[in-house]
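Peer 1: Have a peek at entry_30.txt (compact mmCIF, C-alpha atoms).
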```txt
# COMPACT_ATOMS: atom_id res chain seq x y z
CA MET A 1146 -48.05 13.54 -27.56
CA GLN A 1147 -49.12 13.97 -31.19
CA ASN A 1148 -52.00 11.60 -30.47
CA ASP A 1149 -52.84 13.57 -27.37
CA ILE A 1150 -53.13 16.81 -29.36
CA THR A 1151 -55.72 15.23 -31.65
CA LEU A 1152 -57.58 13.70 -28.71
CA ILE A 1153 -57.51 16.95 -26.76
CA THR A 1154 -58.90 18.88 -29.73
CA GLN A 1155 -61.67 16.28 -29.98
CA LEU A 1156 -62.25 16.53 -26.23
CA GLN A 1157 -62.60 20.31 -26.55
CA ASN A 1158 -65.22 19.61 -29.25
CA LYS A 1159 -67.14 17.43 -26.73
CA ASP A 1160 -66.20 14.07 -28.20
CA GLU A 1161 -66.98 11.40 -25.56
CA ARG A 1162 -64.67 8.88 -27.22
CA ALA A 1163 -61.73 11.26 -26.75
CA LEU A 1164 -62.59 11.61 -23.07
CA SER A 1165 -62.78 7.83 -22.78
CA LEU A 1166 -59.33 7.35 -24.37
CA LEU A 1167 -57.69 10.12 -22.35
CA TYR A 1168 -59.25 8.63 -19.22
CA ASP A 1169 -57.77 5.23 -20.08
CA LYS A 1170 -54.35 6.78 -20.48
CA TYR A 1171 -54.21 9.02 -17.40
CA SER A 1172 -56.80 7.88 -14.85
CA GLY A 1173 -54.45 5.35 -13.22
CA ALA A 1174 -51.73 7.92 -12.51
CA ILE A 1175 -54.27 10.48 -11.28
CA TYR A 1176 -56.11 7.91 -9.15
CA SER A 1177 -52.80 6.95 -7.55
CA VAL A 1178 -52.09 10.56 -6.57
CA ILE A 1179 -55.62 11.06 -5.20
CA LEU A 1180 -55.42 7.82 -3.19
CA LYS A 1181 -52.06 8.77 -1.71
CA MET A 1182 -53.42 12.15 -0.70
CA ILE A 1183 -56.84 11.26 0.69
CA LYS A 1184 -56.09 7.68 1.83
CA ASP A 1185 -59.69 6.55 1.35
CA GLU A 1186 -60.73 4.44 -1.65
CA GLY A 1187 -64.37 5.53 -1.77
CA LYS A 1188 -63.55 9.23 -1.55
CA ALA A 1189 -60.70 8.77 -4.02
CA GLN A 1190 -63.08 7.28 -6.59
CA ASP A 1191 -65.54 10.15 -6.12
CA LEU A 1192 -62.74 12.67 -6.53
CA LEU A 1193 -61.39 10.90 -9.63
CA GLN A 1194 -64.87 11.08 -11.12
CA GLU A 1195 -65.22 14.77 -10.25
CA THR A 1196 -61.77 15.45 -11.73
CA PHE A 1197 -62.66 13.97 -15.11
CA ILE A 1198 -66.06 15.67 -15.13
CA THR A 1199 -64.21 18.97 -14.64
CA VAL A 1200 -61.78 17.97 -17.40
CA TRP A 1201 -64.82 17.49 -19.65
CA ASP A 1202 -66.60 20.67 -18.60
CA LYS A 1203 -63.53 22.93 -18.62
CA ALA A 1204 -61.61 21.32 -21.51
CA ASP A 1205 -61.67 24.60 -23.46
CA ARG A 1206 -59.65 26.26 -20.67
CA TYR A 1207 -56.71 23.94 -21.25
CA ASP A 1208 -53.98 25.70 -23.23
CA ILE A 1209 -51.58 23.32 -24.90
CA GLU A 1210 -48.94 26.09 -25.16
CA LYS A 1211 -48.73 26.38 -21.41
CA GLY A 1212 -47.95 22.76 -20.61
CA ARG A 1213 -48.83 19.12 -20.83
CA PHE A 1214 -52.38 17.83 -20.54
CA TYR A 1215 -51.37 15.48 -17.74
CA THR A 1216 -50.00 18.36 -15.64
CA TRP A 1217 -53.28 20.21 -16.10
CA VAL A 1218 -55.35 17.21 -14.97
CA TYR A 1219 -52.95 16.59 -12.06
CA ARG A 1220 -53.49 20.15 -10.80
CA ILE A 1221 -57.27 19.83 -11.06
CA ALA A 1222 -57.24 16.57 -9.09
CA LYS A 1223 -54.86 17.92 -6.46
CA ASN A 1224 -56.98 21.03 -5.89
CA LYS A 1225 -60.11 18.94 -5.47
CA VAL A 1226 -58.45 16.70 -2.90
CA LEU A 1227 -56.97 19.67 -1.04
CA ASN A 1228 -60.42 21.28 -0.84
CA VAL A 1229 -61.84 18.13 0.75
CA LEU A 1230 -58.89 17.79 3.14
CA ARG A 1231 -59.13 21.45 4.18
CA LYS A 1232 -62.82 21.12 4.98
CA LYS A 1233 -62.15 18.01 7.00
CA ASP A 1234 -59.25 19.68 8.74
CA LEU A 1235 -61.32 22.72 9.68
CA LEU A 1236 -63.76 20.41 11.38
CA ILE A 1237 -61.02 18.79 13.44
CA GLN A 1238 -58.49 21.50 14.20
CA THR A 1239 -56.01 23.84 12.59
CA ASP A 1240 -52.36 24.19 13.36
CA ASP A 1241 -49.10 25.08 11.73
CA PHE A 1242 -49.06 21.97 9.62
CA GLY A 1243 -52.24 23.00 7.89
CA VAL A 1244 -54.18 20.26 6.18
CA TYR A 1245 -51.55 17.60 6.84
CA ALA A 1246 -51.70 17.55 10.61
CA ASN A 1247 -53.79 14.38 10.51
CA LYS A 1248 -51.50 12.73 7.98
CA GLU A 1249 -50.37 9.87 10.19
CA GLU A 1250 -53.61 8.91 11.86
CA ASP A 1251 -56.18 8.09 9.17
CA VAL A 1252 -54.57 5.39 7.08
CA SER A 1253 -57.04 2.74 8.19
CA ASN A 1254 -59.36 3.09 5.18
CA ILE A 1255 -56.80 2.03 2.64
CA ASP A 1256 -54.81 -0.94 1.45
CA PRO A 1257 -51.15 -0.08 2.28
CA GLU A 1258 -50.26 -1.34 -1.20
CA PHE A 1259 -51.90 1.80 -2.64
CA LEU A 1260 -49.46 3.99 -0.71
CA LYS A 1261 -46.35 2.15 -1.94
CA LEU A 1262 -44.19 3.87 -4.54
CA LYS A 1263 -43.07 2.18 -7.73
CA GLY A 1264 -40.60 2.81 -10.53
CA ALA A 1265 -37.63 5.18 -10.75
CA ILE A 1266 -38.47 7.15 -7.59
CA THR A 1267 -37.81 4.05 -5.48
CA THR A 1268 -34.18 4.00 -6.64
CA LEU A 1269 -33.50 7.44 -5.12
CA GLU A 1270 -31.85 8.05 -1.76
CA THR A 1271 -34.41 8.10 1.06
CA HIS A 1272 -34.40 11.87 1.69
CA HIS A 1273 -34.71 12.60 -2.02
CA LYS A 1274 -37.48 10.12 -2.38
CA ASN A 1275 -39.34 11.47 0.64
CA ALA A 1276 -39.07 15.04 -0.59
CA LEU A 1277 -40.59 14.14 -3.96
CA GLU A 1278 -43.25 11.97 -2.38
CA LEU A 1279 -44.38 14.76 -0.06
CA VAL A 1280 -44.79 17.40 -2.74
CA TYR A 1281 -45.93 15.22 -5.64
CA PHE A 1282 -47.93 12.32 -4.17
CA ASN A 1283 -49.00 13.72 -0.81
CA GLY A 1284 -49.86 17.16 -2.12
CA LEU A 1285 -47.89 19.17 0.40
CA THR A 1286 -46.50 22.58 -0.53
CA HIS A 1287 -42.77 23.11 -0.22
CA ARG A 1288 -43.48 25.25 2.85
CA GLU A 1289 -45.39 22.43 4.53
CA ALA A 1290 -43.12 19.62 3.42
CA HIS A 1291 -39.84 21.01 4.76
CA LYS A 1292 -41.42 21.15 8.25
CA VAL A 1293 -42.51 17.54 7.99
CA MET A 1294 -38.97 16.55 7.02
CA ASN A 1295 -37.60 18.87 9.68
CA VAL A 1296 -35.07 20.60 7.38
CA PRO A 1297 -34.81 24.28 6.34
CA LEU A 1298 -36.85 25.29 3.28
CA GLY A 1299 -33.68 25.95 1.26
CA THR A 1300 -32.35 22.48 1.99
CA PHE A 1301 -35.67 20.95 1.11
CA LYS A 1302 -35.72 22.77 -2.24
CA SER A 1303 -32.29 21.42 -3.05
CA TYR A 1304 -33.48 17.92 -2.14
CA VAL A 1305 -36.28 18.28 -4.65
CA ARG A 1306 -33.95 19.64 -7.30
CA GLN A 1307 -31.41 16.85 -6.83
CA ALA A 1308 -34.15 14.25 -6.76
CA LEU A 1309 -35.49 15.52 -10.05
CA LYS A 1310 -32.02 15.55 -11.55
CA GLN A 1311 -31.49 11.88 -10.64
CA LEU A 1312 -34.94 11.02 -11.89
CA ARG A 1313 -34.07 12.68 -15.20
CA GLU A 1314 -30.86 10.64 -15.46
CA SER A 1315 -32.74 7.47 -14.70
CA TYR A 1316 -35.34 8.15 -17.40
CA VAL A 1317 -32.65 9.12 -19.92
CA LYS A 1318 -30.88 5.83 -19.15
CA THR A 1319 -34.10 3.90 -19.65
CA LEU A 1320 -34.68 5.78 -22.88
CA SER A 1321 -31.16 5.00 -24.17
CA VAL A 1322 -31.59 1.33 -23.32
CA ILE A 1323 -34.86 1.28 -25.27
CA LEU A 1324 -33.17 3.08 -28.20
CA LEU A 1325 -30.26 0.61 -28.10
CA ILE A 1326 -32.68 -2.32 -28.21
CA LEU A 1327 -34.62 -0.72 -31.05
CA ASN A 1328 -31.37 -0.13 -32.99
CA ALA A 1329 -30.28 -3.70 -32.40
CA LEU A 1330 -33.54 -4.89 -33.92
CA MET B 835 -38.87 37.85 -11.31
CA ASP B 836 -35.97 36.73 -13.47
CA LYS B 837 -34.92 33.37 -14.76
CA LYS B 838 -32.12 32.89 -12.24
CA LYS B 839 -34.33 33.63 -9.27
CA LEU B 840 -36.94 31.32 -10.65
CA LEU B 841 -34.55 28.43 -11.04
CA ASP B 842 -32.73 28.99 -7.75
CA ASN B 843 -35.94 29.13 -5.76
CA GLY B 844 -37.40 26.01 -7.29
CA LEU B 845 -40.35 28.04 -8.49
CA LEU B 846 -40.62 26.08 -11.72
CA GLU B 847 -41.34 22.91 -9.73
CA GLN B 848 -43.78 24.72 -7.50
CA TYR B 849 -45.49 26.20 -10.52
CA LEU B 850 -45.82 22.74 -12.05
CA LEU B 851 -47.22 21.34 -8.81
CA GLY B 852 -49.78 24.14 -8.64
CA GLU B 853 -48.44 25.65 -5.43
CA LEU B 854 -48.18 29.25 -6.62
CA ASN B 855 -50.75 32.03 -6.60
CA ALA B 856 -52.26 33.55 -9.73
CA ASP B 857 -49.82 36.47 -9.91
CA GLN B 858 -46.76 34.23 -9.65
CA CYS B 859 -48.27 31.92 -12.26
CA ASN B 860 -48.78 34.78 -14.69
CA GLU B 861 -45.19 35.93 -14.28
CA ILE B 862 -43.82 32.46 -14.85
CA GLU B 863 -46.05 31.88 -17.85
CA LYS B 864 -44.76 35.10 -19.40
CA LEU B 865 -41.17 34.01 -18.83
CA LEU B 866 -41.86 30.58 -20.31
CA ALA B 867 -43.47 32.09 -23.36
CA SER B 868 -40.53 34.35 -24.00
CA ASP B 869 -37.66 32.00 -23.13
CA PRO B 870 -37.42 28.83 -25.24
CA GLU B 871 -34.54 27.51 -23.14
CA LEU B 872 -36.59 27.82 -19.99
CA LYS B 873 -39.58 26.31 -21.75
CA ALA B 874 -37.45 23.31 -22.80
CA LYS B 875 -36.38 22.86 -19.18
CA TYR B 876 -39.97 23.02 -18.07
CA ASP B 877 -41.00 20.52 -20.75
CA LEU B 878 -38.47 18.01 -19.40
CA LEU B 879 -39.66 18.62 -15.86
CA GLU B 880 -43.24 17.94 -16.91
CA GLN B 881 -42.19 14.80 -18.77
CA ASP B 882 -40.40 13.48 -15.70
CA PHE B 883 -43.29 14.18 -13.37
CA GLU B 884 -45.63 12.52 -15.87
CA SER B 885 -43.37 9.46 -16.21
CA MET B 886 -43.21 9.17 -12.43
CA GLY B 887 -46.98 9.53 -12.23
CA LEU B 888 -47.60 6.86 -14.88
CA GLU B 889 -45.10 4.50 -13.24
CA ASN B 890 -47.13 4.72 -10.05
CA ALA B 891 -50.52 4.33 -11.72
CA ILE B 892 -53.21 2.36 -9.86
CA GLU B 893 -56.08 1.18 -11.96
CA PRO B 894 -59.37 2.62 -10.66
CA PRO B 895 -62.55 0.44 -10.57
CA VAL B 896 -64.43 0.35 -13.88
CA GLU B 897 -67.56 1.87 -12.34
CA VAL B 898 -65.80 5.24 -12.12
CA LYS B 899 -65.34 5.38 -15.87
CA SER B 900 -68.87 4.23 -16.65
CA ASN B 901 -70.24 6.83 -14.20
CA ILE B 902 -68.23 9.56 -15.86
CA LEU B 903 -69.34 8.55 -19.36
CA LYS B 904 -72.96 8.36 -18.17
CA LEU B 905 -72.80 11.83 -16.64
CA VAL B 906 -71.03 13.20 -19.69
CA SER B 907 -73.48 11.74 -22.21
CA LYS B 908 -76.30 13.65 -20.47
CA THR B 909 -74.59 16.92 -21.28
CA THR B 910 -74.03 16.30 -24.98
CA ILE B 911 -76.32 17.63 -27.70
CA PRO B 912 -79.75 15.97 -27.60
CA LYS B 913 -79.74 14.64 -31.20
CA ALA B 914 -76.53 12.68 -30.77
CA LYS B 915 -77.73 11.53 -27.39
CA VAL B 916 -81.04 10.24 -28.72
CA ILE B 917 -79.41 8.28 -31.55
CA LYS B 918 -76.84 6.81 -29.23
CA LEU B 919 -79.26 5.82 -26.54
CA TYR B 920 -81.64 4.39 -29.12
CA SER B 921 -79.08 2.12 -30.78
CA GLY B 922 -77.48 1.22 -27.49
CA GLY B 923 -80.86 0.61 -25.93
CA ASN B 924 -81.96 -1.58 -28.83
CA ASP B 925 -78.89 -3.75 -28.63
CA LYS B 926 -79.43 -4.12 -24.92
CA TYR B 927 -83.11 -4.81 -25.54
CA TYR B 928 -82.37 -7.64 -27.99
CA LEU B 929 -79.58 -8.94 -25.82
CA GLY B 930 -82.02 -8.89 -22.94
CA ILE B 931 -84.60 -10.88 -24.93
CA ALA B 932 -81.96 -13.37 -26.07
CA ALA B 933 -80.72 -13.75 -22.53
CA SER B 934 -84.26 -14.22 -21.22
CA VAL B 935 -85.05 -16.83 -23.87
CA ALA B 936 -81.80 -18.66 -23.15
CA GLY B 937 -82.56 -18.48 -19.45
CA LEU B 938 -86.09 -19.83 -19.93
CA LEU B 939 -84.83 -22.64 -22.16
CA LEU B 940 -82.24 -23.56 -19.57
CA VAL B 941 -84.75 -23.55 -16.73
CA GLY B 942 -87.24 -25.44 -18.93
CA SER B 943 -84.68 -28.09 -19.85
CA ILE B 944 -83.68 -28.58 -16.24
CA TRP B 945 -87.36 -28.87 -15.25
CA MET B 946 -88.10 -31.35 -18.05
CA PHE B 947 -85.04 -33.40 -17.20
CA SER B 948 -86.09 -33.60 -13.56
CA GLN B 949 -89.61 -34.56 -14.68
CA LEU B 950 -88.18 -37.24 -16.98
CA SER B 951 -86.15 -38.76 -14.14
CA GLU B 952 -89.21 -38.69 -11.90
CA VAL B 953 -91.40 -40.37 -14.54
CA LYS B 954 -88.71 -43.01 -15.17
CA GLN B 955 -88.60 -43.76 -11.48
CA GLN B 956 -92.38 -43.99 -11.32
CA LEU B 957 -92.37 -46.32 -14.33
CA ASN B 958 -89.84 -48.58 -12.59
CA THR B 959 -92.02 -48.70 -9.50
CA VAL B 960 -95.11 -49.46 -11.58
CA GLU B 961 -93.28 -52.22 -13.47
CA SER B 962 -92.08 -53.92 -10.31
CA THR B 963 -95.51 -53.61 -8.70
CA ASN B 964 -97.04 -55.00 -11.86
CA SER B 965 -94.78 -58.07 -11.93
CA GLU B 966 -95.48 -58.61 -8.21
CA LEU B 967 -99.18 -58.49 -8.94
CA ASN B 968 -98.76 -60.93 -11.84
CA ASN B 969 -96.90 -63.33 -9.58
CA THR B 970 -99.63 -63.06 -6.99
CA ILE B 971 -102.28 -63.68 -9.64
CA ASP B 972 -100.37 -66.71 -10.95
CA LYS B 973 -100.08 -68.06 -7.45
CA LEU B 974 -103.76 -67.41 -6.74
CA ASN B 975 -104.73 -69.04 -10.04
CA LYS B 976 -102.73 -72.14 -9.21
CA GLU B 977 -104.27 -72.26 -5.77
CA LEU B 978 -107.72 -71.72 -7.23
CA ASN B 979 -107.17 -74.50 -9.79
CA SER B 980 -105.98 -76.95 -7.20
CA ASN B 981 -108.75 -75.92 -4.81
CA THR B 982 -111.30 -76.24 -7.60
CA THR B 983 -109.99 -79.72 -8.36
CA LEU B 984 -110.00 -80.64 -4.71
CA TYR B 985 -113.50 -79.21 -4.26
CA ALA B 986 -114.73 -80.99 -7.39
CA THR B 987 -113.49 -84.26 -5.97
CA LEU B 988 -114.88 -83.60 -2.50
CA SER B 989 -118.27 -82.51 -3.76
CA HIS B 990 -118.64 -85.27 -6.36
CA PRO B 991 -121.62 -87.61 -5.63
CA ASP B 992 -119.51 -90.75 -6.38
CA THR B 993 -116.75 -89.79 -3.96
CA GLU B 994 -116.22 -92.24 -1.12
CA GLN B 995 -114.71 -91.24 2.18
CA TYR B 996 -112.19 -93.46 4.00
CA ILE B 997 -110.75 -92.62 7.37
CA LEU B 998 -107.22 -93.96 7.95
CA LYS B 999 -106.77 -94.26 11.69
CA GLY B 1000 -103.23 -94.41 13.08
CA ASN B 1001 -101.90 -97.77 14.37
CA THR B 1002 -99.74 -98.22 17.44
CA LEU B 1003 -96.94 -96.23 15.78
CA MET B 1004 -99.30 -93.28 15.43
CA PRO B 1005 -102.12 -93.68 17.93
CA GLU B 1006 -103.20 -90.02 17.87
CA GLY B 1007 -103.04 -89.50 14.12
CA LYS B 1008 -105.52 -90.00 11.33
CA VAL B 1009 -105.99 -89.12 7.67
CA VAL B 1010 -109.32 -88.64 5.89
CA SER B 1011 -109.16 -89.70 2.25
CA TYR B 1012 -111.70 -89.15 -0.54
CA VAL B 1013 -111.56 -91.57 -3.44
CA ASN B 1014 -113.53 -91.18 -6.65
CA HIS B 1015 -113.29 -94.04 -9.15
CA THR B 1016 -115.38 -92.17 -11.76
CA THR B 1017 -113.09 -89.15 -12.00
CA LYS B 1018 -110.08 -91.26 -10.94
CA SER B 1019 -108.97 -88.88 -8.21
CA VAL B 1020 -107.83 -89.11 -4.60
CA VAL B 1021 -107.82 -86.22 -2.13
CA ILE B 1022 -106.64 -86.49 1.46
CA ASN B 1023 -106.98 -84.31 4.54
CA ALA B 1024 -103.64 -84.62 6.37
CA GLU B 1025 -104.52 -82.19 9.14
CA LYS B 1026 -104.35 -84.77 11.87
CA LEU B 1027 -101.00 -86.29 10.89
CA PRO B 1028 -98.44 -85.72 13.68
CA ASP B 1029 -95.50 -83.44 12.67
CA LEU B 1030 -92.31 -85.15 11.48
CA ASP B 1031 -88.72 -83.93 11.70
CA ALA B 1032 -87.05 -82.40 8.65
CA GLU B 1033 -85.39 -85.72 7.63
CA HIS B 1034 -88.69 -87.58 7.21
CA ASP B 1035 -91.91 -87.41 5.18
CA TYR B 1036 -95.18 -89.34 5.11
CA GLN B 1037 -95.59 -91.20 1.82
CA MET B 1038 -98.80 -92.81 0.52
CA TRP B 1039 -98.98 -96.14 -1.28
CA ALA B 1040 -101.69 -98.14 -3.10
CA ASP B 1041 -101.67 -101.93 -2.80
CA VAL B 1042 -102.36 -103.50 -6.24
CA GLU B 1043 -102.27 -107.28 -6.21
CA GLY B 1044 -99.67 -107.36 -3.43
CA GLU B 1045 -97.48 -104.65 -4.91
CA MET B 1046 -97.17 -101.22 -3.28
CA ILE B 1047 -97.47 -98.41 -5.88
CA ASN B 1048 -96.36 -94.89 -5.00
CA MET B 1049 -99.23 -92.40 -4.67
CA GLY B 1050 -96.96 -89.50 -3.70
CA VAL B 1051 -95.28 -87.80 -0.76
CA ILE B 1052 -97.66 -85.96 1.63
CA SER B 1053 -96.71 -82.31 1.66
CA LYS B 1054 -96.01 -80.91 5.13
CA ASP B 1055 -97.39 -77.44 4.51
CA LYS B 1056 -100.84 -78.34 3.16
CA ASN B 1057 -103.82 -79.81 4.93
CA LEU B 1058 -105.86 -80.80 1.88
CA LEU B 1059 -104.02 -82.29 -1.07
CA ALA B 1060 -104.53 -84.42 -4.15
CA MET B 1061 -102.64 -87.72 -4.49
CA ASN B 1062 -102.08 -89.96 -7.53
CA TYR B 1063 -105.09 -92.23 -8.29
CA ILE B 1064 -104.01 -95.79 -8.89
CA ASP B 1065 -106.30 -98.21 -10.78
CA HIS B 1066 -107.35 -101.41 -9.02
CA ALA B 1067 -106.01 -100.29 -5.68
CA GLU B 1068 -107.09 -102.64 -2.87
CA SER B 1069 -105.89 -100.59 0.04
CA LEU B 1070 -104.37 -97.23 0.94
CA ASN B 1071 -101.22 -97.19 3.10
CA ILE B 1072 -99.10 -94.48 4.69
CA THR B 1073 -95.49 -95.01 5.79
CA ILE B 1074 -92.76 -92.80 7.23
CA GLU B 1075 -89.92 -92.49 4.71
CA PRO B 1076 -86.73 -90.44 4.38
CA ALA B 1077 -87.46 -86.85 3.31
CA GLY B 1078 -88.44 -86.62 -0.37
CA GLY B 1079 -89.91 -90.11 -0.53
CA ASN B 1080 -88.73 -93.67 -1.25
CA ASP B 1081 -88.95 -96.13 -4.14
CA HIS B 1082 -90.26 -98.91 -1.88
CA PRO B 1083 -92.27 -98.55 1.29
CA THR B 1084 -90.57 -99.20 4.62
CA VAL B 1085 -93.24 -101.59 5.90
CA SER B 1086 -91.85 -101.52 9.45
CA ARG B 1087 -92.82 -97.86 9.59
CA LEU B 1088 -96.36 -98.22 8.31
CA VAL B 1089 -98.49 -95.88 10.40
CA THR B 1090 -101.97 -96.48 8.98
CA ASN B 1091 -103.83 -98.33 6.25
CA ILE B 1092 -107.36 -99.02 5.05
CA TYR B 1093 -108.95 -101.41 2.61
CA LEU B 1094 -111.08 -99.99 -0.22
CA ASN B 1095 -114.53 -101.33 -1.03
```
Have the structure of the file written as C-alpha cells, please.
Peer 2:
Amino acid sequence: MQNDITLITQLQNKDERALSLLYDKYSGAIYSVILKMIKDEGKAQDLLQETFITVWDKADRYDIEKGRFYTWVYRIAKNKVLNVLRKKDLLIQTDDFGVYANKEEDVSNIDPEFLKLKGAITTLETHHKNALELVYFNGLTHREAHKVMNVPLGTFKSYVRQALKQLRESYVKTLSVILLILNAL
Amino acid sequence: MDKKKLLDNGLLEQYLLGELNADQCNEIEKLLASDPELKAKYDLLEQDFESMGLENAIEPPVEVKSNILKLVSKTTIPKAKVIKLYSGGNDKYYLGIAASVAGLLLVGSIWMFSQLSEVKQQLNTVESTNSELNNTIDKLNKELNSNTTLYATLSHPDTEQYILKGNTLMPEGKVVSYVNHTTKSVVINAEKLPDLDAEHDYQMWADVEGEMINMGVISKDKNLLAMNYIDHAESLNITIEPAGGNDHPTVSRLVTNIYLN
C-alpha cells in the first residue's frame, strides 16, 4: 500500500511508468471482473483499455482518503461495462431483470475457464458464493441479484454479509499461516 | 442515516460496489470520515474484496497494455514525448538495421551454399564426362594406331597378297593374308571365316623347316588384324583350336593353308 501511494502520486503527476506498474498489479483482477460481466473477450479487452485510459485521465479525481485505489478502478470498470450492457439491453428488450435478462444466453463468445472462480470464494457454501459472485463479479445490484437467486432482499443481504465474514476469516487464517511461517524462519 | 442503519442494510458493501446514488455516497463518505471505527471496518471490507479480485485475476493479452501506453504517451507533454520517441525510435532503427543485415547475411549464406552444392555437382559431372572422353580418345588412338599399322602394311608396295581357301573342313571359308618381308608384318582379313562356337578359336601357324610356329589366335570380333611375322616361313596354316589357342597345332583340324613364294 505504501508503494501504491508513491505510484499513485506519480500517476497523478502523469508518470507513464507509474501507470505501467499499477496496470501490471491490477489489470488481471479488473480484466477478470470485466470478462465475467460482459462474457466477450474482444469487448472485455476494449473495456479494460478504456478503464485504464480513464484511470490515467481522471487520476487527480482519486482521493486516497476515501478508499483503496483498486476499489476506485473496479468501480470505473464496472460502470463502463454496465453502460455497454445497458445499451445492448435496450436494443433487445427491457424487463424487470434490467440489464441481466440476457445473462444466460450469450456465453458463447468466451472460454468457460474465464468464468470459473478461484481462491477463497470457492470454499464458501454455494448460496454464499453465488451471492458474492452476482454482486461482485457479475455486476448485479443487490436489488437485481436477490431476484436472480429468488430470495427476499433482506435474506440476500445477510447472505452477502455472512459470505464476507467467512471470507475475512479465511484471509485472516491465510495471513496467520504466512506469519507463522515467517516467524519459523 | 446512522451507523447502525448503514451496517444493517448492507449499505457499506453496496457503497463499495458502486451501487448507490450520489446523495447516499456523500452521506456514507461523511460518516466514514467522522467514524474511525467504521472506516476501519470499511478498510477491511475493501481489503477482502481486493484479495478476492486478485485471487481471480486473469492476465489480459499484452496488446492491451501496449495500446494503453501508446495512447497515453500521446497525451504527455511534447518535450518528454519527443525525447522518448527519438531514443526509442533510434534503438528500433539500429535494431532494424542489425536485423536486416543479419537477415541478408543469412539469405546470402543460404544462397551461396546452394550455389556451392550446385557447382560441386556440375564439377562432378564434368569430371566424369572428361574421363569418359579420355577413355574414348585412348580407345580411338589405339584403333587409329592399329589401323594405321594395318593400312601401312596393306598399302606398302612390297606387300604380297595370299588367299587361303578353305579345304574340305571349311569349303565356304577363306582368309586373305598380306605379307610384307621388308617391314616384317602380316595382316589378315578374316571376314570370310565361318563363325565358331565359344569353346573354339582359329589359330594361325607358320611352317619353318617342318616346325609349326604360333602366329597368334584370330580374334573373333575383328575382320582385319595383324598377326606375328615369322622369319623364313614357308607356309601359312590355320587350324581350329580350343578357345584361347594351343601350344601345338591340331593338324587334324587344319582348315586352310598356303605356301609362300
Peer 1: Report, in Å with one decimal, the straight-line distance from CA of Glu847 (chain B) to CA of Glu889 (chain B).
Peer 2: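 About the pair CA of Glu847 (chain B) and CA of Glu889 (chain B): they are 19.1 Å apart.
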Peer 1: Calculate how many Å separate CA of Glu1314 (chain A) from CA of Thr1267 (chain A), rounding to one decimal.
Peer 2: 13.8 Å
Peer 1: From the list B:Ala891, B:Leu879, B:Leu845, B:Met886, which residue is nearest chain A when using all atoms listed in the file?
Peer 2: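 Selected residue with least distance to chain A: B:Ala891.
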Peer 1: Counting all atoms listed in the file, which residues of chain B sit at most 9 Å from some atom of chain A, and what is each one's closest atom pair with its distance in Å to one decimal, listed by chain and rising residue number, as a Markdown table?
Peer 2:
```
| residue | atom | partner | partner_atom | distance |
| --- | --- | --- | --- | --- |
| B:Asp842 | CA | A:Lys1302 | CA | 8.8 |
| B:Asn843 | CA | A:Lys1302 | CA | 7.3 |
| B:Gly844 | CA | A:Lys1302 | CA | 6.2 |
| B:Glu847 | CA | A:Arg1306 | CA | 8.4 |
| B:Gln848 | CA | A:His1287 | CA | 7.5 |
| B:Leu850 | CA | A:Thr1216 | CA | 7.0 |
| B:Leu851 | CA | A:Arg1220 | CA | 6.7 |
| B:Gly852 | CA | A:Arg1220 | CA | 5.9 |
| B:Glu853 | CA | A:Thr1286 | CA | 6.1 |
| B:Glu863 | CA | A:Lys1211 | CA | 7.1 |
| B:Leu866 | CA | A:Lys1211 | CA | 8.1 |
| B:Ala867 | CA | A:Lys1211 | CA | 8.0 |
| B:Tyr876 | CA | A:Gly1212 | CA | 8.4 |
| B:Asp877 | CA | A:Gly1212 | CA | 7.3 |
| B:Leu878 | CA | A:Arg1313 | CA | 8.1 |
| B:Leu879 | CA | A:Leu1309 | CA | 7.8 |
| B:Glu880 | CA | A:Thr1216 | CA | 6.9 |
| B:Gln881 | CA | A:Arg1213 | CA | 8.2 |
| B:Asp882 | CA | A:Arg1313 | CA | 6.4 |
| B:Phe883 | CA | A:Thr1216 | CA | 8.2 |
| B:Glu884 | CA | A:Tyr1215 | CA | 6.7 |
| B:Ser885 | CA | A:Tyr1316 | CA | 8.2 |
| B:Met886 | CA | A:Ala1265 | CA | 7.1 |
| B:Gly887 | CA | A:Ala1174 | CA | 5.0 |
| B:Leu888 | CA | A:Ala1174 | CA | 4.9 |
| B:Glu889 | CA | A:Gly1264 | CA | 5.5 |
| B:Asn890 | CA | A:Lys1263 | CA | 5.3 |
| B:Ala891 | CA | A:Ala1174 | CA | 3.9 |
| B:Ile892 | CA | A:Gly1173 | CA | 4.7 |
| B:Glu893 | CA | A:Gly1173 | CA | 4.7 |
| B:Pro894 | CA | A:Gly1173 | CA | 6.2 |
| B:Pro895 | CA | A:Gln1190 | CA | 7.9 |
| B:Val898 | CA | A:Gln1194 | CA | 6.0 |
| B:Lys899 | CA | A:Gln1194 | CA | 7.4 |
| B:Asn901 | CA | A:Gln1194 | CA | 7.5 |
| B:Ile902 | CA | A:Gln1194 | CA | 6.0 |
| B:Leu903 | CA | A:Glu1161 | CA | 7.2 |
| B:Leu905 | CA | A:Ile1198 | CA | 7.9 |
| B:Val906 | CA | A:Ile1198 | CA | 7.2 |
| B:Ser907 | CA | A:Glu1161 | CA | 7.3 |
| B:Thr910 | CA | A:Lys1159 | CA | 7.2 |
```
Peer 1: Could you check the closest approach to Ala1222 (chain A) for each of A:Met1182, A:Ala1329, A:Leu1235, A:Ala1204 and tell me which residue wins, using only C-alpha atoms?
Peer 2: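 Distance minimum relative to Ala1222 (chain A) lands on A:Met1182.
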Peer 1: Quick one: distance from CA of Ile1179 (chain A) to CA of Val1226 (chain A) in Å, one decimal?
Peer 2: 6.7 Å
Peer 1: Could you tell me which of B:Ala1024, B:Ile931, B:Ile1052, B:Val1013 comes closest to Ser1069 (chain B) if we count all atoms listed in the file?
Peer 2: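 Answer, going by the shortest atom-to-atom distance: B:Val1013.
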Peer 1: Could you give me, as a VMD selection string, the residues that have an atom at most 12 Å away from the point (-116.1, -91.2, 10.4) in the coordinates of the file, using only C-alpha atoms?
Peer 2: chain B and resid 994 to 999 1008 to 1012
Peer 1: Would you export the selected residues with C-alpha atoms as a CSV table (one decimal), keeping the file's coordinate frame, please?
Peer 2:
```csv
chain,number,residue,atom,x,y,z
B,994,GLU,CA,-116.2,-92.2,-1.1
B,995,GLN,CA,-114.7,-91.2,2.2
B,996,TYR,CA,-112.2,-93.5,4.0
B,997,ILE,CA,-110.8,-92.6,7.4
B,998,LEU,CA,-107.2,-94.0,8.0
B,999,LYS,CA,-106.8,-94.3,11.7
B,1008,LYS,CA,-105.5,-90.0,11.3
B,1009,VAL,CA,-106.0,-89.1,7.7
B,1010,VAL,CA,-109.3,-88.6,5.9
B,1011,SER,CA,-109.2,-89.7,2.2
B,1012,TYR,CA,-111.7,-89.2,-0.5
```
